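Enquirer: Got a structure for you, work-v2.cif, holding mmCIF, C-alpha atoms and all ligand atoms.
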data_protein
#
loop_
_atom_site.label_atom_id
_atom_site.label_comp_id
_atom_site.auth_asym_id
_atom_site.auth_seq_id
_atom_site.Cartn_x
_atom_site.Cartn_y
_atom_site.Cartn_z
CA MET A 30 82.63 18.31 103.85
CA TYR A 31 79.16 17.59 102.49
CA ASN A 32 76.38 18.96 104.71
CA ILE A 33 72.68 18.21 104.37
CA ALA A 34 70.22 20.37 106.33
CA ILE A 35 66.70 19.09 107.01
CA ASP A 36 64.24 21.46 108.67
CA GLY A 37 60.53 21.30 109.20
CA PRO A 38 57.73 21.21 111.76
CA ALA A 39 57.27 18.60 114.49
CA GLY A 40 56.06 15.24 113.21
CA ALA A 41 57.03 15.71 109.56
CA GLY A 42 59.33 12.66 109.77
CA LYS A 43 62.63 14.56 109.86
CA SER A 44 64.51 12.25 112.21
CA THR A 45 63.37 9.01 110.52
CA ILE A 46 64.34 10.35 107.09
CA ALA A 47 67.57 12.05 108.21
CA LYS A 48 68.77 8.90 110.01
CA GLN A 49 68.18 6.75 106.93
CA ILE A 50 69.91 9.19 104.57
CA ALA A 51 72.91 9.40 106.91
CA LYS A 52 73.10 5.60 107.06
CA ARG A 53 72.93 5.15 103.28
CA LYS A 54 75.49 7.90 102.61
CA GLY A 55 77.79 6.92 105.50
CA TYR A 56 77.40 10.39 107.04
CA ILE A 57 76.88 11.35 110.66
CA TYR A 58 73.32 12.09 111.75
CA VAL A 59 73.00 15.08 114.07
CA ASP A 60 69.71 15.43 115.95
CA THR A 61 69.81 19.06 117.16
CA GLY A 62 66.47 18.73 118.99
CA ALA A 63 68.19 16.28 121.37
CA MET A 64 70.70 19.02 122.28
CA TYR A 65 67.88 21.46 123.15
CA ARG A 66 66.32 18.64 125.17
CA ALA A 67 69.59 17.97 127.08
CA MET A 68 69.84 21.67 127.89
CA ALA A 69 66.22 21.58 129.09
CA LEU A 70 67.02 18.61 131.37
CA PHE A 71 69.95 20.53 132.84
CA LEU A 72 67.69 23.51 133.58
CA ILE A 73 65.04 21.29 135.19
CA GLU A 74 67.69 19.60 137.35
CA SER A 75 68.97 23.06 138.29
CA HIS A 76 65.46 23.94 139.52
CA VAL A 77 64.94 26.69 136.95
CA SER A 78 61.36 27.11 135.73
CA PRO A 79 60.42 27.88 132.09
CA GLU A 80 59.34 31.47 132.98
CA GLU A 81 62.69 32.43 134.59
CA THR A 82 64.25 33.94 131.47
CA GLU A 83 67.18 35.64 133.24
CA LYS A 84 68.07 32.51 135.18
CA ILE A 85 67.97 30.41 131.97
CA SER A 86 70.44 32.83 130.33
CA GLU A 87 72.85 32.49 133.26
CA LYS A 88 72.47 28.79 134.02
CA CYS A 89 72.79 27.56 130.44
CA LEU A 90 76.43 28.65 130.42
CA GLU A 91 77.20 25.94 133.01
CA ALA A 92 75.90 23.06 130.86
CA ASP A 93 78.53 21.14 128.96
CA ILE A 94 76.69 19.39 126.13
CA SER A 95 78.47 17.12 123.69
CA ILE A 96 77.69 14.36 121.25
CA VAL A 97 79.34 10.98 120.85
CA TYR A 98 78.39 8.00 118.69
CA GLU A 99 77.93 4.48 120.05
CA LYS A 100 77.09 1.69 117.60
CA GLY A 101 76.03 4.32 115.07
CA GLU A 102 73.56 5.96 117.48
CA GLN A 103 73.90 9.55 118.65
CA VAL A 104 74.45 9.78 122.41
CA VAL A 105 74.00 13.16 124.09
CA LEU A 106 76.30 13.81 127.03
CA LEU A 107 75.30 16.38 129.64
CA ASN A 108 78.33 17.23 131.79
CA GLY A 109 79.76 13.85 130.78
CA ARG A 110 76.58 11.82 131.54
CA ASN A 111 74.59 9.92 128.90
CA VAL A 112 71.09 11.47 129.05
CA ASN A 113 69.49 9.77 126.01
CA GLY A 114 67.03 7.89 128.23
CA LEU A 115 65.88 11.03 130.08
CA ILE A 116 65.10 13.59 127.37
CA ARG A 117 61.88 12.30 125.77
CA THR A 118 59.50 13.10 128.64
CA GLU A 119 56.63 15.59 128.47
CA GLN A 120 58.35 17.80 131.09
CA VAL A 121 61.55 17.97 129.03
CA SER A 122 59.58 18.67 125.81
CA ASN A 123 57.86 21.61 127.45
CA MET A 124 61.08 23.00 128.92
CA ALA A 125 62.88 22.55 125.57
CA SER A 126 60.14 24.47 123.80
CA ALA A 127 60.37 27.31 126.35
CA SER A 128 64.17 27.48 126.67
CA SER A 129 64.91 27.18 122.94
CA VAL A 130 63.60 30.75 122.46
CA ASN A 131 66.48 32.02 124.63
CA GLY A 132 69.33 33.68 122.68
CA HIS A 133 72.07 32.42 125.06
CA VAL A 134 70.86 28.83 124.80
CA ARG A 135 70.70 29.06 121.00
CA LYS A 136 74.13 30.67 120.63
CA LYS A 137 75.80 27.95 122.67
CA LEU A 138 74.13 25.06 120.83
CA VAL A 139 74.48 26.57 117.34
CA GLU A 140 78.25 26.89 117.88
CA LEU A 141 78.44 23.24 118.86
CA GLN A 142 76.40 22.20 115.80
CA GLN A 143 78.59 24.27 113.46
CA LYS A 144 81.76 22.66 114.88
CA LEU A 145 80.34 19.17 114.25
CA ALA A 146 79.56 20.03 110.61
CA GLU A 147 83.09 21.43 110.06
CA LYS A 148 84.66 18.13 111.02
CA ALA A 149 82.41 15.59 109.26
CA ASP A 150 79.87 14.97 106.50
CA VAL A 151 76.55 15.40 108.29
CA VAL A 152 72.82 15.13 107.88
CA MET A 153 71.55 17.58 110.49
CA ASP A 154 67.89 18.04 111.35
CA GLY A 155 66.14 20.78 113.32
CA ARG A 156 64.25 24.03 112.82
CA ASP A 157 66.96 26.54 111.83
CA ILE A 158 69.66 24.43 110.19
CA GLY A 159 69.29 25.76 106.62
CA THR A 160 68.54 29.33 107.71
CA CYS A 161 71.01 29.83 110.55
CA VAL A 162 73.28 26.93 111.58
CA LEU A 163 74.53 25.85 108.13
CA PRO A 164 73.64 28.66 105.71
CA ASN A 165 76.11 27.18 103.18
CA ALA A 166 74.84 23.59 103.40
CA ASP A 167 75.23 21.67 100.13
CA LEU A 168 71.62 20.51 100.20
CA LYS A 169 68.73 22.01 102.14
CA ILE A 170 65.40 20.27 102.53
CA TYR A 171 62.26 21.73 104.10
CA LEU A 172 60.26 18.64 105.01
CA THR A 173 56.63 19.14 105.88
CA ALA A 174 53.22 17.45 105.85
CA SER A 175 49.71 18.66 106.63
CA SER A 176 48.81 18.89 110.32
CA GLU A 177 46.09 16.25 109.73
CA VAL A 178 48.65 13.76 108.38
CA ARG A 179 51.18 14.54 111.12
CA ALA A 180 48.52 14.10 113.80
CA LYS A 181 47.40 10.79 112.26
CA ARG A 182 51.02 9.50 112.22
CA ARG A 183 51.52 10.44 115.90
CA TYR A 184 48.13 8.90 116.75
CA ASP A 185 49.02 5.60 115.01
CA GLU A 186 52.38 5.46 116.87
CA MET A 187 50.69 5.97 120.25
CA ILE A 188 47.96 3.43 119.54
CA ALA A 189 50.62 0.91 118.46
CA ARG A 190 52.31 1.44 121.85
CA GLY A 191 48.98 0.76 123.55
CA GLU A 192 48.58 4.37 124.74
CA LYS A 193 45.21 6.10 124.96
CA CYS A 194 44.91 9.28 122.91
CA ASP A 195 42.57 11.66 121.12
CA ILE A 196 43.47 12.63 117.55
CA ASP A 197 41.88 16.10 117.87
CA VAL A 198 43.99 16.89 120.94
CA ILE A 199 47.14 15.68 119.14
CA LYS A 200 46.33 17.87 116.12
CA ARG A 201 45.73 20.92 118.32
CA ASP A 202 49.07 20.34 120.14
CA ILE A 203 50.89 20.06 116.81
CA GLU A 204 49.34 23.29 115.54
CA GLU A 205 50.21 25.13 118.77
CA ARG A 206 53.80 23.92 118.58
CA ASP A 207 54.04 24.93 114.89
CA TYR A 208 52.82 28.40 115.81
CA ARG A 209 55.38 28.76 118.64
CA ASP A 210 58.26 27.49 116.48
CA MET A 211 57.32 29.73 113.52
CA HIS A 212 56.69 32.93 115.47
CA ARG A 213 59.57 33.15 117.96
CA ASP A 214 61.88 36.17 117.63
CA ILE A 215 65.18 34.33 117.19
CA SER A 216 65.63 31.83 114.34
CA PRO A 217 61.97 30.99 113.76
CA LEU A 218 61.14 27.89 111.73
CA LYS A 219 60.89 28.86 108.07
CA GLN A 220 61.92 27.50 104.71
CA ALA A 221 65.35 28.82 103.62
CA GLU A 222 65.21 30.56 100.23
CA ASP A 223 67.42 27.89 98.69
CA ALA A 224 65.75 24.91 100.38
CA VAL A 225 63.78 22.34 98.43
CA LEU A 226 60.24 21.87 99.73
CA VAL A 227 59.26 18.23 100.22
CA ASP A 228 55.65 17.65 101.30
CA SER A 229 55.45 14.11 102.62
CA SER A 230 51.65 14.12 103.16
CA ASP A 231 51.02 11.65 100.35
CA MET A 232 54.44 9.96 100.27
CA THR A 233 55.83 6.86 101.97
CA ILE A 234 59.07 7.07 103.97
CA GLU A 235 60.89 5.21 101.18
CA GLU A 236 59.59 7.67 98.55
CA VAL A 237 60.84 10.64 100.58
CA ILE A 238 64.25 9.01 101.09
CA GLU A 239 64.56 8.21 97.36
CA LYS A 240 63.62 11.76 96.43
CA ILE A 241 66.23 13.30 98.73
CA MET A 242 68.92 10.74 97.80
CA GLY A 243 68.33 11.74 94.17
CA MET A 244 69.14 15.37 95.02
CA CYS A 245 72.52 14.63 96.68
CA ARG A 246 75.27 15.60 94.26
CA ILE A 247 77.88 13.25 95.74
O1 LIG A 301 62.77 18.17 117.34
P1 LIG A 301 62.51 18.08 118.86
O2 LIG A 301 61.07 17.89 119.21
O3 LIG A 301 63.37 17.07 119.54
O4 LIG A 301 62.94 19.53 119.42
C1 LIG A 301 62.85 19.86 120.80
C2 LIG A 301 62.66 21.38 120.94
O5 LIG A 301 63.82 22.09 120.52
C3 LIG A 301 61.48 21.94 120.13
O6 LIG A 301 60.66 22.70 120.99
C4 LIG A 301 62.10 22.86 119.09
C5 LIG A 301 63.50 23.11 119.59
N1 LIG A 301 64.49 23.10 118.52
C6 LIG A 301 64.94 24.31 118.04
O7 LIG A 301 64.47 25.35 118.49
N2 LIG A 301 65.91 24.34 117.08
C7 LIG A 301 66.41 23.21 116.58
N3 LIG A 301 67.37 23.28 115.64
C8 LIG A 301 65.94 21.95 117.04
C9 LIG A 301 64.96 21.92 118.01
#
Please, can you express the file's structure as structure tokens?

Expert:
Amino acid sequence: MYNIAIDGPAGAGKSTIAKQIAKRKGYIYVDTGAMYRAMALFLIESHVSPEETEKISEKCLEADISIVYEKGEQVVLLNGRNVNGLIRTEQVSNMASASSVNGHVRKKLVELQQKLAEKADVVMDGRDIGTCVLPNADLKIYLTASSEVRAKRRYDEMIARGEKCDIDVIKRDIEERDYRDMHRDISPLKQAEDAVLVDSSDMTIEEVIEKIMGMCRI
């Protein structure tokens, strides 16, 4: 199996790039953030709050999370139910951020991610793929961009959707999230020693894709 790991901070363009690479190579794209989001939805529906650490550890064992593919798109199933349309809310983002620090949650989802990569050629994106989930991945990319550029990209997306927003608030949120992801005890976000650093601040999406495609050995 050929496994490509793409890690990096929020808003660096990981999912856009990973999806395109998977499509061009004919590999499966695995969005691990969506699994943490599905787990967060389960916890919210189970009336667990982000501060209830013990309850999160217990409850997470009851969630059956799996991935299927429909028309080339990843669909996340939570206890057999398609939850793709429910996991991109602010409430789920906050719960995912809080519950992804929990060792029991991580153990369960990392095992699932490792099983997927054993069975198929994958492009997997997340925060700990190169360092923890797939330490032997064939290619590891650490994709980043300055917080100014990431904030500007998010701002442009929101404006295009007709939403009101403040670029300074977006930048502050991004920096807070970076800090949380990089300083948690278990599997913090960091560049694996053997990962290639790609800074997309001054690159187009196509340039980043070309650069990574050029590094794939098969
Ligand atoms: O990439 P995303 O925004 O969909 O991720 C949702 C949350 O899950 C985010 O707070 C970071 C966390 N996450 C993680 O801890 N490890 C991963 N491999 C992927 C996501």

Enquirer: Return as a PyMOL selection string the residues of protein, DNA or RNA that approach ligand LIG 301 (chain A) to within 7 Å, with all atoms listed in the file taken into account.

Expert: chain A and resi 39+61-63+65-66+122+125-126+129-130+154-158+210

Enquirer: Figure out the distance between atom CA of A:Arg182 and atom CA of A:Met232, please, to one decimal in Å.

Expert: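 These atoms are spaced 12.4 Å apart.
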
Enquirer: Closest to A:Gln120 among A:Lys169, A:Leu107, A:Leu70, A:Lys100, using all atoms listed in the file?

Expert: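 Distance minimum relative to A:Gln120 lands on A:Leu70.
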
Enquirer: So which residues touch A:Leu115 within 12 Å, counting all atoms listed in the file, skipping near sequence neighbours fewer than 2 positions away, as a ChimeraX atom specification?

Expert: /A:63,66-71,73-74,104-107,110-113,117-122

Enquirer: Have a look at atom CA of A:Gln143 and atom CA of A:Glu239 and let me know their distance in Å, one decimal.

Expert: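 According to the coordinates, atom CA of A:Gln143 and atom CA of A:Glu239 are separated by 26.7 Å.
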
Enquirer: For stretch 49-66 of chain A, where the input has fewer atoms than it should, I would like N, CA, C and O atoms rebuilt and written as a PDB file, in the frame of the given file.

Expert:
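Generated file (rebuild-v6.pdb):
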ATOM      1  N   GLN A  49      68.050   7.673 108.056  1.00  0.00           N
ATOM      2  CA  GLN A  49      68.180   6.750 106.930  1.00  0.00           C
ATOM      3  C   GLN A  49      69.137   7.287 105.872  1.00  0.00           C
ATOM      4  O   GLN A  49      69.949   6.548 105.316  1.00  0.00           O
ATOM      5  N   ILE A  50      69.023   8.592 105.594  1.00  0.00           N
ATOM      6  CA  ILE A  50      69.910   9.190 104.570  1.00  0.00           C
ATOM      7  C   ILE A  50      71.354   9.113 105.055  1.00  0.00           C
ATOM      8  O   ILE A  50      72.258   8.753 104.297  1.00  0.00           O
ATOM      9  N   ALA A  51      71.553   9.439 106.352  1.00  0.00           N
ATOM     10  CA  ALA A  51      72.910   9.400 106.910  1.00  0.00           C
ATOM     11  C   ALA A  51      73.478   7.980 106.795  1.00  0.00           C
ATOM     12  O   ALA A  51      74.633   7.789 106.410  1.00  0.00           O
ATOM     13  N   LYS A  52      72.653   6.993 107.101  1.00  0.00           N
ATOM     14  CA  LYS A  52      73.100   5.600 107.060  1.00  0.00           C
ATOM     15  C   LYS A  52      73.512   5.210 105.635  1.00  0.00           C
ATOM     16  O   LYS A  52      74.585   4.659 105.406  1.00  0.00           O
ATOM     17  N   ARG A  53      72.656   5.557 104.673  1.00  0.00           N
ATOM     18  CA  ARG A  53      72.930   5.150 103.280  1.00  0.00           C
ATOM     19  C   ARG A  53      74.145   5.872 102.707  1.00  0.00           C
ATOM     20  O   ARG A  53      74.875   5.324 101.896  1.00  0.00           O
ATOM     21  N   LYS A  54      74.354   7.138 103.145  1.00  0.00           N
ATOM     22  CA  LYS A  54      75.490   7.900 102.610  1.00  0.00           C
ATOM     23  C   LYS A  54      76.760   7.684 103.432  1.00  0.00           C
ATOM     24  O   LYS A  54      77.826   8.153 103.052  1.00  0.00           O
ATOM     25  N   GLY A  55      76.622   7.072 104.619  1.00  0.00           N
ATOM     26  CA  GLY A  55      77.790   6.920 105.500  1.00  0.00           C
ATOM     27  C   GLY A  55      78.152   8.235 106.188  1.00  0.00           C
ATOM     28  O   GLY A  55      79.309   8.465 106.544  1.00  0.00           O
ATOM     29  N   TYR A  56      77.165   9.109 106.368  1.00  0.00           N
ATOM     30  CA  TYR A  56      77.400  10.390 107.040  1.00  0.00           C
ATOM     31  C   TYR A  56      76.973  10.272 108.502  1.00  0.00           C
ATOM     32  O   TYR A  56      76.326   9.309 108.906  1.00  0.00           O
ATOM     33  N   ILE A  57      77.292  11.322 109.252  1.00  0.00           N
ATOM     34  CA  ILE A  57      76.880  11.350 110.660  1.00  0.00           C
ATOM     35  C   ILE A  57      75.526  12.059 110.765  1.00  0.00           C
ATOM     36  O   ILE A  57      75.318  13.110 110.155  1.00  0.00           O
ATOM     37  N   TYR A  58      74.621  11.460 111.526  1.00  0.00           N
ATOM     38  CA  TYR A  58      73.320  12.090 111.750  1.00  0.00           C
ATOM     39  C   TYR A  58      73.394  12.947 113.011  1.00  0.00           C
ATOM     40  O   TYR A  58      73.814  12.464 114.059  1.00  0.00           O
ATOM     41  N   VAL A  59      73.014  14.202 112.898  1.00  0.00           N
ATOM     42  CA  VAL A  59      73.000  15.080 114.070  1.00  0.00           C
ATOM     43  C   VAL A  59      71.576  15.537 114.359  1.00  0.00           C
ATOM     44  O   VAL A  59      70.966  16.264 113.562  1.00  0.00           O
ATOM     45  N   ASP A  60      71.057  15.087 115.506  1.00  0.00           N
ATOM     46  CA  ASP A  60      69.710  15.430 115.950  1.00  0.00           C
ATOM     47  C   ASP A  60      69.832  16.646 116.871  1.00  0.00           C
ATOM     48  O   ASP A  60      70.175  16.502 118.050  1.00  0.00           O
ATOM     49  N   THR A  61      69.590  17.851 116.343  1.00  0.00           N
ATOM     50  CA  THR A  61      69.810  19.060 117.160  1.00  0.00           C
ATOM     51  C   THR A  61      68.722  19.216 118.234  1.00  0.00           C
ATOM     52  O   THR A  61      68.967  19.819 119.267  1.00  0.00           O
ATOM     53  N   GLY A  62      67.542  18.661 117.978  1.00  0.00           N
ATOM     54  CA  GLY A  62      66.470  18.730 118.990  1.00  0.00           C
ATOM     55  C   GLY A  62      66.925  18.075 120.288  1.00  0.00           C
ATOM     56  O   GLY A  62      66.607  18.552 121.381  1.00  0.00           O
ATOM     57  N   ALA A  63      67.713  16.991 120.174  1.00  0.00           N
ATOM     58  CA  ALA A  63      68.190  16.280 121.370  1.00  0.00           C
ATOM     59  C   ALA A  63      69.102  17.188 122.205  1.00  0.00           C
ATOM     60  O   ALA A  63      69.151  17.071 123.430  1.00  0.00           O
ATOM     61  N   MET A  64      69.825  18.111 121.525  1.00  0.00           N
ATOM     62  CA  MET A  64      70.700  19.020 122.280  1.00  0.00           C
ATOM     63  C   MET A  64      69.854  20.031 123.070  1.00  0.00           C
ATOM     64  O   MET A  64      70.150  20.336 124.223  1.00  0.00           O
ATOM     65  N   TYR A  65      68.782  20.547 122.433  1.00  0.00           N
ATOM     66  CA  TYR A  65      67.880  21.460 123.150  1.00  0.00           C
ATOM     67  C   TYR A  65      67.204  20.729 124.310  1.00  0.00           C
ATOM     68  O   TYR A  65      66.954  21.302 125.375  1.00  0.00           O
ATOM     69  N   ARG A  66      66.935  19.447 124.106  1.00  0.00           N
ATOM     70  CA  ARG A  66      66.320  18.640 125.170  1.00  0.00           C
ATOM     71  C   ARG A  66      67.297  18.421 126.330  1.00  0.00           C
ATOM     72  O   ARG A  66      66.905  18.457 127.503  1.00  0.00           O
TER      73      ARG A  66
END
